[in-house]
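Note: the block below is structure18.txt and it holds compact mmCIF, C-alpha atoms and all ligand atoms.
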# COMPACT_ATOMS: atom_id res chain seq x y z
CA MET E 1 48.24 24.52 53.36
CA LYS E 2 50.22 27.55 52.35
CA MET E 3 53.17 27.90 50.05
CA LEU E 4 56.20 27.95 52.27
CA ALA E 5 57.89 31.11 51.20
CA VAL E 6 61.55 31.33 52.04
CA GLU E 7 63.79 34.30 52.00
CA ILE E 8 65.85 34.93 48.92
CA LYS E 9 69.44 35.56 49.77
CA ASP E 10 71.49 38.14 48.03
CA PRO E 11 73.32 36.52 45.10
CA ALA E 12 76.54 37.81 46.61
CA ASP E 13 76.31 35.34 49.53
CA GLY E 14 75.42 32.56 47.09
CA PRO E 15 77.68 29.64 46.33
CA GLY E 16 80.81 31.14 44.93
CA ALA E 17 82.29 30.46 41.57
CA ASP E 18 84.45 28.05 43.59
CA ASP E 19 81.52 25.72 44.22
CA VAL E 20 80.60 25.75 40.56
CA ARG E 21 84.22 25.03 39.58
CA ARG E 22 84.51 22.20 42.09
CA ALA E 23 81.20 20.71 40.96
CA GLN E 24 82.40 20.95 37.36
CA VAL E 25 85.23 18.56 38.17
CA GLY E 26 82.86 16.13 39.85
CA ASP E 27 82.57 17.26 43.49
CA VAL E 28 79.08 16.21 44.54
CA ASP E 29 79.25 18.06 47.89
CA SER E 30 79.83 21.35 46.11
CA PHE E 31 76.94 20.58 43.82
CA GLU E 32 74.82 19.98 46.92
CA LYS E 33 75.67 23.51 48.11
CA ILE E 34 74.58 24.84 44.75
CA TYR E 35 71.37 22.82 45.05
CA ARG E 36 70.65 24.16 48.55
CA GLU E 37 71.11 27.69 47.33
CA HIS E 38 69.17 27.54 44.08
CA SER E 39 66.53 24.85 44.53
CA PRO E 40 63.91 27.08 46.24
CA ARG E 41 63.86 29.49 43.28
CA ILE E 42 63.84 26.68 40.74
CA TYR E 43 61.18 24.77 42.68
CA ALA E 44 58.90 27.82 42.84
CA LEU E 45 59.24 28.22 39.08
CA CYS E 46 58.58 24.49 38.49
CA LEU E 47 55.58 24.55 40.82
CA ARG E 48 53.97 27.38 38.85
CA LEU E 49 54.88 25.98 35.45
CA MET E 50 53.38 22.63 36.50
CA ALA E 51 50.15 24.30 37.63
CA GLY E 52 50.72 23.73 41.33
CA ASP E 53 51.15 19.97 41.06
CA ALA E 54 53.83 19.31 43.70
CA GLN E 55 54.78 15.89 42.43
CA SER E 56 55.32 16.95 38.82
CA ALA E 57 57.10 20.06 40.05
CA THR E 58 59.47 17.98 42.19
CA GLU E 59 60.19 15.62 39.30
CA LEU E 60 60.82 18.55 36.99
CA MET E 61 63.14 20.21 39.48
CA GLN E 62 65.07 16.96 40.01
CA ASP E 63 65.37 16.57 36.28
CA VAL E 64 66.70 20.14 36.02
CA PHE E 65 69.41 19.54 38.62
CA ILE E 66 70.40 16.16 37.16
CA ARG E 67 70.77 17.75 33.74
CA ALA E 68 72.54 20.73 35.24
CA TRP E 69 75.07 18.32 36.75
CA ARG E 70 75.53 16.56 33.42
CA ARG E 71 75.91 19.83 31.52
CA LEU E 72 77.93 21.72 34.10
CA ASP E 73 80.92 21.82 31.77
CA THR E 74 78.87 23.92 29.32
CA PHE E 75 78.48 26.67 31.93
CA ARG E 76 81.21 29.15 31.08
CA GLY E 77 80.19 31.97 33.36
CA GLU E 78 78.94 34.40 30.67
CA CYS E 79 75.78 34.84 32.71
CA ALA E 80 74.91 34.37 36.36
CA PHE E 81 74.69 30.73 37.34
CA SER E 82 71.11 31.31 38.51
CA SER E 83 70.06 32.54 35.03
CA TRP E 84 71.72 29.54 33.44
CA LEU E 85 69.80 27.17 35.74
CA HIS E 86 66.58 29.05 35.21
CA ARG E 87 66.86 28.78 31.45
CA LEU E 88 67.66 25.12 31.81
CA ALA E 89 64.47 24.64 33.88
CA VAL E 90 62.30 26.19 31.17
CA ASN E 91 64.07 24.16 28.47
CA VAL E 92 63.69 20.91 30.38
CA MET E 93 60.02 21.61 30.89
CA LEU E 94 59.52 22.30 27.20
CA GLU E 95 61.47 19.21 26.16
CA ASN E 96 59.46 17.08 28.52
CA ALA E 97 56.20 18.52 27.29
CA ARG E 98 57.23 17.84 23.68
CA SER E 99 58.41 14.27 24.22
CA ASP E 100 55.51 13.40 26.52
CA GLY E 101 53.20 14.66 23.81
CA ARG E 102 54.87 12.47 21.22
CA ARG E 103 55.03 9.41 23.41
CA THR E 104 51.74 9.31 25.22
CA ALA E 105 49.74 12.38 24.23
CA ARG E 106 49.56 13.10 27.93
CA VAL E 107 49.69 16.83 27.36
CA LEU E 108 46.16 17.96 26.78
CA PRO E 109 45.20 20.59 24.23
CA MET E 110 45.93 24.04 25.58
CA GLU E 111 42.32 24.83 26.35
CA ASP E 112 41.90 21.81 28.56
CA THR E 113 44.95 21.93 30.77
CA GLY E 114 43.22 24.27 33.19
CA LYS E 115 40.81 21.46 33.97
CA LEU E 116 43.46 18.98 35.01
CA PRO E 117 42.66 17.52 38.42
CA GLY E 118 45.99 18.76 39.73
CA ALA E 119 45.53 22.24 38.31
CA ALA E 120 44.24 24.18 41.25
CA LYS E 121 45.28 21.88 44.04
CA SER E 122 48.33 19.77 44.50
CA SER E 123 49.17 16.52 46.19
CA GLY E 124 51.71 18.04 48.55
CA ILE E 125 51.65 21.80 48.85
CA GLU E 126 48.37 23.43 48.17
CA LEU E 127 48.43 26.82 46.59
CA SER E 128 45.92 28.49 48.81
CA MET E 129 46.36 32.03 47.56
CA ASP E 130 43.70 33.11 45.09
CA LEU E 131 46.16 34.35 42.51
CA GLU E 132 48.20 31.14 42.68
CA SER E 133 45.13 28.99 42.04
CA ALA E 134 44.01 31.29 39.25
CA ILE E 135 47.46 31.03 37.61
CA ALA E 136 47.36 27.24 37.98
CA SER E 137 44.01 27.14 36.20
CA LEU E 138 45.29 29.02 33.12
CA PRO E 139 45.81 27.21 29.81
CA ARG E 140 49.43 26.16 29.49
CA GLY E 141 50.64 28.74 26.96
CA ALA E 142 49.06 31.63 28.82
CA ARG E 143 50.38 30.32 32.12
CA MET E 144 53.95 30.04 30.89
CA ALA E 145 53.89 33.53 29.42
CA PHE E 146 52.44 35.00 32.61
CA VAL E 147 54.77 33.16 34.99
CA LEU E 148 57.87 34.02 32.99
CA HIS E 149 56.95 37.65 32.30
CA ASP E 150 54.83 38.94 35.17
CA VAL E 151 56.18 36.75 37.99
CA GLU E 152 59.77 36.06 36.97
CA GLY E 153 60.33 39.33 35.18
CA TYR E 154 61.65 38.11 31.82
CA GLN E 155 61.37 40.38 28.77
CA HIS E 156 59.03 39.49 25.87
CA GLN E 157 62.01 38.94 23.61
CA GLU E 158 63.72 36.51 26.00
CA ILE E 159 60.55 34.47 26.51
CA ALA E 160 59.89 34.37 22.78
CA GLY E 161 63.43 33.12 22.18
CA GLN E 162 63.18 30.50 24.86
CA LEU E 163 59.81 29.18 23.78
CA GLY E 164 60.56 29.47 20.07
CA LEU E 165 57.58 31.75 19.50
CA SER E 166 57.16 35.26 18.15
CA VAL E 167 57.00 38.28 20.45
CA GLY E 168 53.47 38.88 19.14
CA THR E 169 52.38 35.42 20.27
CA ILE E 170 53.85 35.97 23.73
CA LYS E 171 52.06 39.31 24.06
CA ALA E 172 48.79 37.73 22.94
CA GLN E 173 49.24 34.93 25.50
CA LEU E 174 49.99 37.49 28.19
CA HIS E 175 46.93 39.51 27.32
CA ARG E 176 44.81 36.39 27.45
CA ALA E 177 46.36 35.30 30.76
CA ARG E 178 45.68 38.67 32.38
CA ARG E 179 42.10 38.79 31.11
CA LEU E 180 41.39 35.25 32.37
CA LEU E 181 43.06 35.96 35.71
CA ARG E 182 41.01 39.09 36.30
CA GLU E 183 37.81 37.22 35.42
CA ARG E 184 38.71 34.37 37.78
CA LEU E 185 39.80 36.63 40.60
CA GLU E 186 36.57 38.64 40.44
CA ARG E 187 34.46 35.57 41.02
CA MET S 1 43.02 57.64 19.37
CA THR S 2 39.74 55.76 19.54
CA HIS S 3 38.66 53.41 22.34
CA GLU S 4 39.01 50.44 19.93
CA VAL S 5 42.66 51.27 19.27
CA VAL S 6 43.56 52.19 22.85
CA ARG S 7 42.14 49.11 24.48
CA HIS S 8 44.67 47.00 22.57
CA LEU S 9 47.53 49.09 23.90
CA LEU S 10 46.67 48.95 27.58
CA ASP S 11 48.86 45.93 28.41
CA ASP S 12 51.86 47.70 26.88
CA TYR S 13 50.90 50.95 28.56
CA VAL S 14 50.83 49.36 32.02
CA ALA S 15 54.07 47.47 31.36
CA GLY S 16 55.70 50.75 30.33
CA ASP S 17 56.45 49.36 26.87
CA LEU S 18 54.93 52.19 24.80
CA THR S 19 57.02 54.82 23.05
CA GLU S 20 56.37 58.42 24.06
CA ASP S 21 54.29 59.24 20.95
CA ALA S 22 51.98 56.29 21.66
CA ARG S 23 51.91 56.77 25.42
CA VAL S 24 50.64 60.36 25.35
CA PRO S 25 47.43 59.76 23.35
CA VAL S 26 46.69 56.64 25.42
CA LEU S 27 47.07 58.68 28.60
CA ASP S 28 44.70 61.32 27.15
CA HIS S 29 42.11 58.67 26.31
CA ILE S 30 42.29 57.11 29.77
CA GLY S 31 41.51 60.53 31.19
CA VAL S 32 38.12 60.51 29.44
CA CYS S 33 37.19 56.81 29.16
CA ALA S 34 35.98 55.08 32.34
CA ILE S 35 36.19 51.59 30.78
CA CYS S 36 39.85 51.95 29.88
CA ARG S 37 40.64 53.61 33.21
CA SER S 38 39.18 50.71 35.16
CA GLU S 39 41.02 48.25 32.89
CA VAL S 40 44.29 50.03 33.65
CA ASP S 41 43.56 49.94 37.40
CA ASP S 42 42.91 46.19 37.23
CA LEU S 43 46.04 45.54 35.20
CA GLU S 44 48.17 47.57 37.58
CA LYS S 45 46.73 45.74 40.58
CA LEU S 46 47.43 42.38 38.95
CA ALA S 47 51.01 43.37 38.11
CA VAL S 48 51.63 44.36 41.73
CA GLN S 49 50.13 41.10 43.03
CA ALA S 50 52.15 39.00 40.57
CA ALA S 51 55.37 40.74 41.49
CA ALA S 52 54.64 40.12 45.17
CA LEU S 53 54.24 36.34 44.86
CA PRO S 54 56.89 34.31 46.69
CA ARG S 55 59.81 33.72 44.37
CA ALA S 56 61.23 30.82 46.35
CA VAL S 57 59.55 27.74 47.78
CA GLU S 58 61.41 25.08 49.76
CA PRO S 59 61.28 21.78 47.80
CA PRO S 60 60.42 18.47 49.51
CA VAL S 61 63.31 17.30 51.70
CA GLN S 62 63.84 13.92 50.05
CA ALA S 63 64.31 15.51 46.61
CA TRP S 64 68.06 15.97 47.02
CA ALA S 65 68.77 12.38 48.09
CA GLU S 66 67.19 11.14 44.86
CA ILE S 67 69.19 13.58 42.74
CA ARG S 68 72.37 12.60 44.54
CA SER S 69 71.86 8.91 43.99
CA VAL S 70 71.38 9.49 40.25
CA ILE S 71 74.46 11.67 39.82
CA GLU S 72 76.64 9.37 41.89
CA ARG S 73 75.61 6.44 39.75
CA ASP S 74 76.37 8.60 36.70
CA ALA S 75 79.90 9.08 37.93
CA ARG S 76 80.37 5.33 38.43
CA VAL S 77 79.07 4.44 34.97
CA GLU S 78 81.21 7.19 33.42
CA ARG S 79 84.32 5.69 34.96
CA THR S 80 83.43 2.25 33.60
CA VAL S 81 82.68 3.60 30.14
CA SER S 82 85.89 5.63 29.96
CA ARG S 83 87.88 2.54 30.91
CA ARG S 84 86.22 0.60 28.10
CA SER S 85 86.47 3.03 25.21
CA SER S 86 89.89 3.75 23.80
CA SER S 87 91.01 6.54 21.49
CA ARG S 88 91.54 3.97 18.75
CA PHE S 89 87.77 3.47 18.57
CA ARG S 90 87.01 7.15 18.86
CA ALA S 91 88.59 7.82 15.45
CA GLN S 92 86.47 5.23 13.65
CA PRO S 93 82.71 5.52 13.93
CA TYR S 94 82.10 2.06 12.46
CA ALA S 95 84.50 0.37 14.84
CA LEU S 96 82.95 2.38 17.64
CA ALA S 97 79.46 1.24 16.70
CA ALA S 98 80.69 -2.33 16.53
CA ALA S 99 82.18 -1.94 20.00
CA GLY S 100 78.85 -0.52 21.14
CA LEU S 101 77.02 -3.56 19.87
CA LEU S 102 79.45 -5.82 21.65
CA VAL S 103 79.33 -3.98 24.96
CA ALA S 104 75.55 -3.88 24.81
CA LEU S 105 75.31 -7.59 24.13
CA VAL S 106 77.78 -8.56 26.83
CA SER S 107 76.05 -6.42 29.42
CA SER S 108 72.55 -7.55 28.47
CA GLY S 109 73.75 -11.12 28.67
CA GLY S 110 75.03 -10.31 32.13
CA THR S 111 71.59 -9.15 33.16
CA ALA S 112 70.03 -12.39 31.97
CA LEU S 113 72.67 -14.38 33.80
CA TYR S 114 72.17 -12.41 37.00
CA LEU S 115 68.41 -12.85 36.84
CA ARG S 116 68.77 -16.58 36.22
CA GLU S 117 71.09 -16.93 39.20
CA ARG S 118 68.66 -15.01 41.37
CA ALA S 119 65.83 -17.26 40.30
CA ALA S 120 67.84 -20.33 41.30
CA PRO S 121 66.71 -21.91 44.60
CA SER S 122 70.05 -21.22 46.30
CA VAL S 123 69.46 -17.45 46.07
CA ALA S 124 67.02 -16.01 48.56
CA VAL S 125 64.53 -13.57 47.02
CA ALA S 126 62.75 -11.14 49.33
CA PRO S 127 58.97 -11.57 49.31
CA PRO S 128 57.28 -8.78 47.27
CA ALA S 129 55.26 -7.38 50.17
CA ALA S 130 58.33 -6.85 52.35
CA ALA S 131 60.20 -5.34 49.43
CA THR S 132 57.55 -2.71 48.65
CA ALA S 133 57.25 -1.70 52.28
CA ASP S 134 60.97 -0.93 52.43
CA PRO S 135 61.39 2.88 52.31
CA ALA S 136 65.00 2.68 51.09
CA GLY S 137 63.78 0.46 48.28
CA ALA S 138 61.07 2.94 47.39
CA ALA S 139 63.67 5.73 47.27
CA THR S 140 65.93 3.68 45.02
CA LEU S 141 63.05 2.96 42.70
CA ALA S 142 61.89 6.61 42.71
CA ALA S 143 65.38 7.84 41.85
CA PHE S 144 65.66 5.30 39.11
CA THR S 145 62.28 6.24 37.67
CA ILE S 146 63.50 9.78 37.04
CA GLU S 147 66.52 8.42 35.28
CA GLU S 148 64.46 5.98 33.31
CA ASN S 149 62.26 8.80 32.08
CA ASN S 150 65.37 10.58 30.86
CA TYR S 151 66.47 7.53 28.91
CA LEU S 152 63.05 7.08 27.39
CA ARG S 153 63.00 10.72 26.36
CA GLU S 154 66.43 10.44 24.81
CA ALA S 155 65.77 7.14 23.08
CA ALA S 156 62.41 8.01 21.49
CA PRO S 157 63.61 10.69 19.02
CA LEU S 158 66.73 8.65 18.17
CA ALA S 159 64.60 5.63 17.37
CA ASP S 160 62.43 7.88 15.15
CA VAL S 161 65.49 9.11 13.24
CA LEU S 162 66.75 5.58 12.83
CA GLU S 163 63.40 4.37 11.57
CA GLN S 164 63.43 7.04 8.86
CA GLN S 165 67.12 6.72 7.99
CA GLN S 166 67.74 2.98 8.09
CA GLY S 167 67.74 2.85 4.26
CA VAL S 168 71.23 4.40 4.20
CA LEU S 169 72.73 1.56 6.26
CA ALA S 170 73.80 -1.82 4.93
CA PRO S 171 71.01 -4.41 5.40
CA GLU S 172 73.25 -6.63 7.54
CA THR S 173 74.05 -3.66 9.81
CA VAL S 174 70.32 -2.96 10.20
CA ALA S 175 69.65 -6.62 10.97
CA GLN S 176 72.47 -6.72 13.51
CA LEU S 177 71.26 -3.50 15.06
CA LYS S 178 67.68 -4.70 15.36
CA LYS S 179 68.84 -7.93 16.92
CA SER S 180 70.95 -6.04 19.45
CA LEU S 181 68.13 -3.66 20.30
CA ARG S 182 65.80 -6.60 20.81
CA ILE S 183 68.27 -8.24 23.18
CA ILE S 184 68.71 -5.01 25.14
CA ASP S 185 64.96 -4.43 25.24
CA ASP S 186 64.38 -7.95 26.54
CA ALA S 187 67.02 -7.43 29.20
CA ILE S 188 65.43 -4.10 30.16
CA LEU S 189 62.00 -5.65 30.40
CA GLU S 190 63.22 -8.58 32.47
CA ALA S 191 65.22 -6.41 34.85
CA ARG S 192 62.35 -3.90 35.10
CA ASN S 193 59.96 -6.65 36.14
CA ALA S 194 62.47 -7.98 38.65
CA LEU S 195 62.93 -4.46 40.05
CA ALA S 196 59.18 -4.04 40.45
CA ARG S 197 59.24 -7.14 42.67
CA ASP S 198 62.37 -6.05 44.51
CA PRO S 199 62.55 -2.21 44.41
CA GLY S 200 65.52 -1.91 46.77
CA ASN S 201 67.87 -4.04 44.67
CA ARG S 202 70.72 -1.74 43.66
CA THR S 203 72.39 -4.34 41.47
CA LEU S 204 69.23 -4.50 39.37
CA VAL S 205 69.08 -0.72 39.20
CA GLU S 206 72.66 -0.53 38.01
CA MET S 207 72.15 -3.23 35.42
CA LEU S 208 68.98 -1.63 34.18
CA SER S 209 70.72 1.73 34.03
CA ALA S 210 73.62 0.26 32.09
CA ASN S 211 71.23 -1.38 29.65
CA TYR S 212 69.36 1.86 29.06
CA ARG S 213 72.60 3.73 28.63
CA HIS S 214 73.82 1.19 26.10
CA LYS S 215 70.58 1.40 24.22
CA VAL S 216 70.81 5.20 23.99
CA ASP S 217 74.52 4.98 23.06
CA LEU S 218 73.82 2.41 20.40
CA LEU S 219 70.98 4.46 18.92
CA ARG S 220 73.04 7.62 19.03
CA ARG S 221 76.06 6.07 17.34
CA THR S 222 73.95 4.47 14.67
CA THR S 223 72.06 7.69 13.92
CA GLU S 224 75.46 9.41 13.68
CA MET S 225 76.49 6.75 11.16
CA THR S 226 73.38 7.40 9.07
CA ARG S 227 74.17 11.11 9.10
CA SER S 228 77.78 10.67 8.01
CA SER S 229 77.06 8.16 5.26
ZN ZN E 301 38.42 53.49 26.24
Please lay out the structure from this file as structure tokens.
Amino acid sequence: MKMLAVEIKDPADGPGADDVRRAQVGDVDSFEKIYREHSPRIYALCLRLMAGDAQSATELMQDVFIRAWRRLDTFRGECAFSSWLHRLAVNVMLENARSDGRRTARVLPMEDTGKLPGAAKSSGIELSMDLESAIASLPRGARMAFVLHDVEGYQHQEIAGQLGLSVGTIKAQLHRARRLLRERLER
Amino acid sequence: MTHEVVRHLLDDYVAGDLTEDARVPVLDHIGVCAICRSEVDDLEKLAVQAAALPRAVEPPVQAWAEIRSVIERDARVERTVSRRSSSRFRAQPYALAAAGLLVALVSSGGTALYLRERAAPSVAVAPPAAATADPAGAATLAAFTIEENNYLREAAPLADVLEQQQGVLAPETVAQLKKSLRIIDDAILEARNALARDPGNRTLVEMLSANYRHKVDLLRRTTEMTRSS
């Protein structure tokens, strides 16, 4: 199965500030419009962050939108709504990884995450492209750095801030990710 | 610049992150070093491929229905909670915590009562097999599971804080708190088991939700008390 790519609409035709305002006062239908508009981008991010595991990615994305709904009043419009959601997605993923680690030690050491059964294939959508599978097989830290920087286009500084790491660490993770990806793609 | 130095700068070179005085010697070296040149080619190819990956993927269709059911329940609980709490309590953290204990106990008692009534012969209980095969039931349970995970995530660090800080509270408050938490936990466990047998039961979901919410509220208020004392 292939990843179902969908077209990205120009932000200008996106849900207006009106939808966000209406959702902020509790209008679920307006929030649904926001969901329809933004969920494909957020889902793609979740899918890559969760190493191609469709079920975890769906749960993460649902969690992101539920929290977005609960925190809508904190969105003041200083940045684009899409950036706000995007940051929320990364934060939710990090929070989940931290609390899962504390609760059940389900998060494996960084070196081992590439060997998770769900790493290269997924229960629902299979990432058939070589690069996608190679990204999914990366250790978690390297994968996050690569997805956020090389795929999503964040700056080192932004990623470092979001992950609570130094710029040097992010660059080292990126270097490692790229080296591993090239090795895996050559095979 | 030597090969050893340059090879550490190639990522930055390809990303365009080098200053002019670093970029020029790297460029010169690449002109004469086949290893670095091929490394740069590979990195550039990878950057192009990464940038070309699909940035949007349609999520599974049922995902929204589950989100919607959680946020609609949120709105209902919010209305109930805002009816219960008055501004008089808001000003006094101790009174507020006391109210929290009371609300939690009343609601957990309600769960026990509901479960007892359901167990009585006059109330028909759907057989487990039929219940699990019900797709609406499965959706209700799936939506609730997401919410439950959120509560567990919220409750765990609060319980940690409380564990470490309970010395600052009066012993009778700690005893009362532990008793309340035990009652809520029992109610959660009982309702959770009942929900596993009857996944489509919305009343159970709402009760379970309310119990979790009370637990998190209670923990949060008590940890706030430990901070302010
Ligand atoms: Zn060289």
* Using only C-alpha atoms: which of S:Glu4, S:Glu154, S:Glu206, S:Glu190 has the shortest distance to chain E ->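 Closest residue, counting only C-alpha atoms: S:Glu154.
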* To do: Counting only C-alpha atoms, figure out which residue out of E:Gln162, E:Thr74, E:Ser39, E:Gln173 gets nearest to chain S.
  =>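 Residue with the minimum atom-to-atom distance to chain S: E:Ser39.
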Sorted by chain and rising residue number, which residues of chain S lie within 9 Å of ligand ZN 301 (chain E), and what are their closest atom pairs and distances in Å to one decimal, counting only C-alpha atoms and all ligand atoms, as a tab-separated table?
residue	atom	partner	partner_atom	distance
S:Thr2	CA	E:ZN301	ZN	7.2
S:His3	CA	E:ZN301	ZN	3.9
S:Glu4	CA	E:ZN301	ZN	7.0
S:Val5	CA	E:ZN301	ZN	8.5
S:Val6	CA	E:ZN301	ZN	6.3
S:Arg7	CA	E:ZN301	ZN	6.0
S:Val26	CA	E:ZN301	ZN	8.9
S:His29	CA	E:ZN301	ZN	6.4
S:Ile30	CA	E:ZN301	ZN	6.4
S:Val32	CA	E:ZN301	ZN	7.7
S:Cys33	CA	E:ZN301	ZN	4.6
S:Ala34	CA	E:ZN301	ZN	6.8
S:Ile35	CA	E:ZN301	ZN	5.4
S:Cys36	CA	E:ZN301	ZN	4.2
S:Arg37	CA	E:ZN301	ZN	7.3
S:Glu39	CA	E:ZN301	ZN	8.9
Let me see the file: selected residues, C-alpha atoms, as a PDB file, in the frame of the given file.
ATOM      1  CA  THR S   2      39.740  55.760  19.540  1.00  0.00           C
ATOM      2  CA  HIS S   3      38.660  53.410  22.340  1.00  0.00           C
ATOM      3  CA  GLU S   4      39.010  50.440  19.930  1.00  0.00           C
ATOM      4  CA  VAL S   5      42.660  51.270  19.270  1.00  0.00           C
ATOM      5  CA  VAL S   6      43.560  52.190  22.850  1.00  0.00           C
ATOM      6  CA  ARG S   7      42.140  49.110  24.480  1.00  0.00           C
ATOM      7  CA  VAL S  26      46.690  56.640  25.420  1.00  0.00           C
ATOM      8  CA  HIS S  29      42.110  58.670  26.310  1.00  0.00           C
ATOM      9  CA  ILE S  30      42.290  57.110  29.770  1.00  0.00           C
ATOM     10  CA  VAL S  32      38.120  60.510  29.440  1.00  0.00           C
ATOM     11  CA  CYS S  33      37.190  56.810  29.160  1.00  0.00           C
ATOM     12  CA  ALA S  34      35.980  55.080  32.340  1.00  0.00           C
ATOM     13  CA  ILE S  35      36.190  51.590  30.780  1.00  0.00           C
ATOM     14  CA  CYS S  36      39.850  51.950  29.880  1.00  0.00           C
ATOM     15  CA  ARG S  37      40.640  53.610  33.210  1.00  0.00           C
ATOM     16  CA  GLU S  39      41.020  48.250  32.890  1.00  0.00           C
TER      17      GLU S  39
END
Can you check which residues of chain S have any atom within 8 Å of chain E? Use all atoms listed in the file and format it as a CSV table (one decimal) with C-alpha atoms, in the coordinates of the input.
chain,number,residue,atom,x,y,z
S,11,ASP,CA,48.9,45.9,28.4
S,42,ASP,CA,42.9,46.2,37.2
S,43,LEU,CA,46.0,45.5,35.2
S,46,LEU,CA,47.4,42.4,39.0
S,47,ALA,CA,51.0,43.4,38.1
S,49,GLN,CA,50.1,41.1,43.0
S,50,ALA,CA,52.2,39.0,40.6
S,51,ALA,CA,55.4,40.7,41.5
S,53,LEU,CA,54.2,36.3,44.9
S,54,PRO,CA,56.9,34.3,46.7
S,55,ARG,CA,59.8,33.7,44.4
S,56,ALA,CA,61.2,30.8,46.4
S,57,VAL,CA,59.6,27.7,47.8
S,58,GLU,CA,61.4,25.1,49.8
S,59,PRO,CA,61.3,21.8,47.8
S,60,PRO,CA,60.4,18.5,49.5
S,63,ALA,CA,64.3,15.5,46.6
S,64,TRP,CA,68.1,16.0,47.0
S,66,GLU,CA,67.2,11.1,44.9
S,67,ILE,CA,69.2,13.6,42.7
S,68,ARG,CA,72.4,12.6,44.5
S,70,VAL,CA,71.4,9.5,40.2
S,71,ILE,CA,74.5,11.7,39.8
S,72,GLU,CA,76.6,9.4,41.9
S,75,ALA,CA,79.9,9.1,37.9
S,146,ILE,CA,63.5,9.8,37.0
S,153,ARG,CA,63.0,10.7,26.4
S,156,ALA,CA,62.4,8.0,21.5
* To do: Identify which of the residues E:Ala23, E:Val90, E:Ala142, E:Ala97 lies closest to Phe75 (chain E), counting all atoms listed in the file when measuring atom-to-atom distances.
  => E:Ala23
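One distance worth recording is that between CA of Leu181 (chain S) and CA of Lys215 (chain S), which is 6.9 Å.
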* Residue nearest Gln166 (chain S) - candidates S:Met225, S:Val40, S:Val205, S:Ala65, atoms counted: all atoms listed in the file ->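 The shortest atom-to-atom distance to Gln166 (chain S) comes from S:Met225.
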* Figure out the distance between CA of Gly31 (chain S) and CA of Asp17 (chain S), please, to one decimal in Å. =>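 A separation of 19.1 Å between them.
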* Pick out the closest residue to His156 (chain E) from this set: S:Ala15, S:Ala22, S:Leu9, S:Ile184. Count only C-alpha atoms. =>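 Among the listed residues, S:Ala15 lies closest to His156 (chain E).
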* Asked: How far is it from CA of Asp19 (chain E) to CA of Ser83 (chain E), in Å with one decimal?
  -> 16.2 Å
* Could you give me, as JSON, numbers by chain, the residues within 9 Å of Gln157 (chain E), counting all atoms listed in the file and dropping anything in the same chain fewer than 2 positions from it? => {"E": [154, 155, 159, 160, 161, 162, 166, 167, 170]}
* Pick from S:Val216, S:Ala210, S:Leu141, S:Val174: nearest to Arg197 (chain S), with all atoms listed in the file counted? ->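 Distance minimum relative to Arg197 (chain S) lands on S:Leu141.
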What would the file be for region 145-155 of chain S if you keep N, CA and C atoms and write it as a compact mmCIF listing (two decimals), in the first residue's frame?
# COMPACT_ATOMS: atom_id res chain seq x y z
N THR S 145 -10.86 5.19 25.47
CA THR S 145 -9.49 4.77 25.78
C THR S 145 -8.50 5.91 25.59
N ILE S 146 -8.74 6.73 24.56
CA ILE S 146 -7.86 7.89 24.34
C ILE S 146 -7.93 8.81 25.54
N GLU S 147 -9.18 9.04 25.97
CA GLU S 147 -9.38 9.95 27.07
C GLU S 147 -8.77 9.38 28.36
N GLU S 148 -8.94 8.09 28.51
CA GLU S 148 -8.41 7.45 29.70
C GLU S 148 -6.89 7.61 29.76
N ASN S 149 -6.25 7.44 28.59
CA ASN S 149 -4.80 7.62 28.55
C ASN S 149 -4.42 9.03 28.99
N ASN S 150 -5.21 10.01 28.57
CA ASN S 150 -4.93 11.39 28.98
C ASN S 150 -5.01 11.54 30.49
N TYR S 151 -6.04 10.94 31.09
CA TYR S 151 -6.17 11.04 32.53
C TYR S 151 -5.00 10.36 33.24
N LEU S 152 -4.62 9.20 32.73
CA LEU S 152 -3.52 8.48 33.37
C LEU S 152 -2.24 9.29 33.30
N ARG S 153 -2.05 9.92 32.12
CA ARG S 153 -0.85 10.75 31.95
C ARG S 153 -0.87 11.95 32.88
N GLU S 154 -2.04 12.52 33.07
CA GLU S 154 -2.14 13.68 33.94
C GLU S 154 -1.99 13.28 35.40
N ALA S 155 -2.58 12.15 35.75
CA ALA S 155 -2.61 11.75 37.16
C ALA S 155 -1.23 11.29 37.65
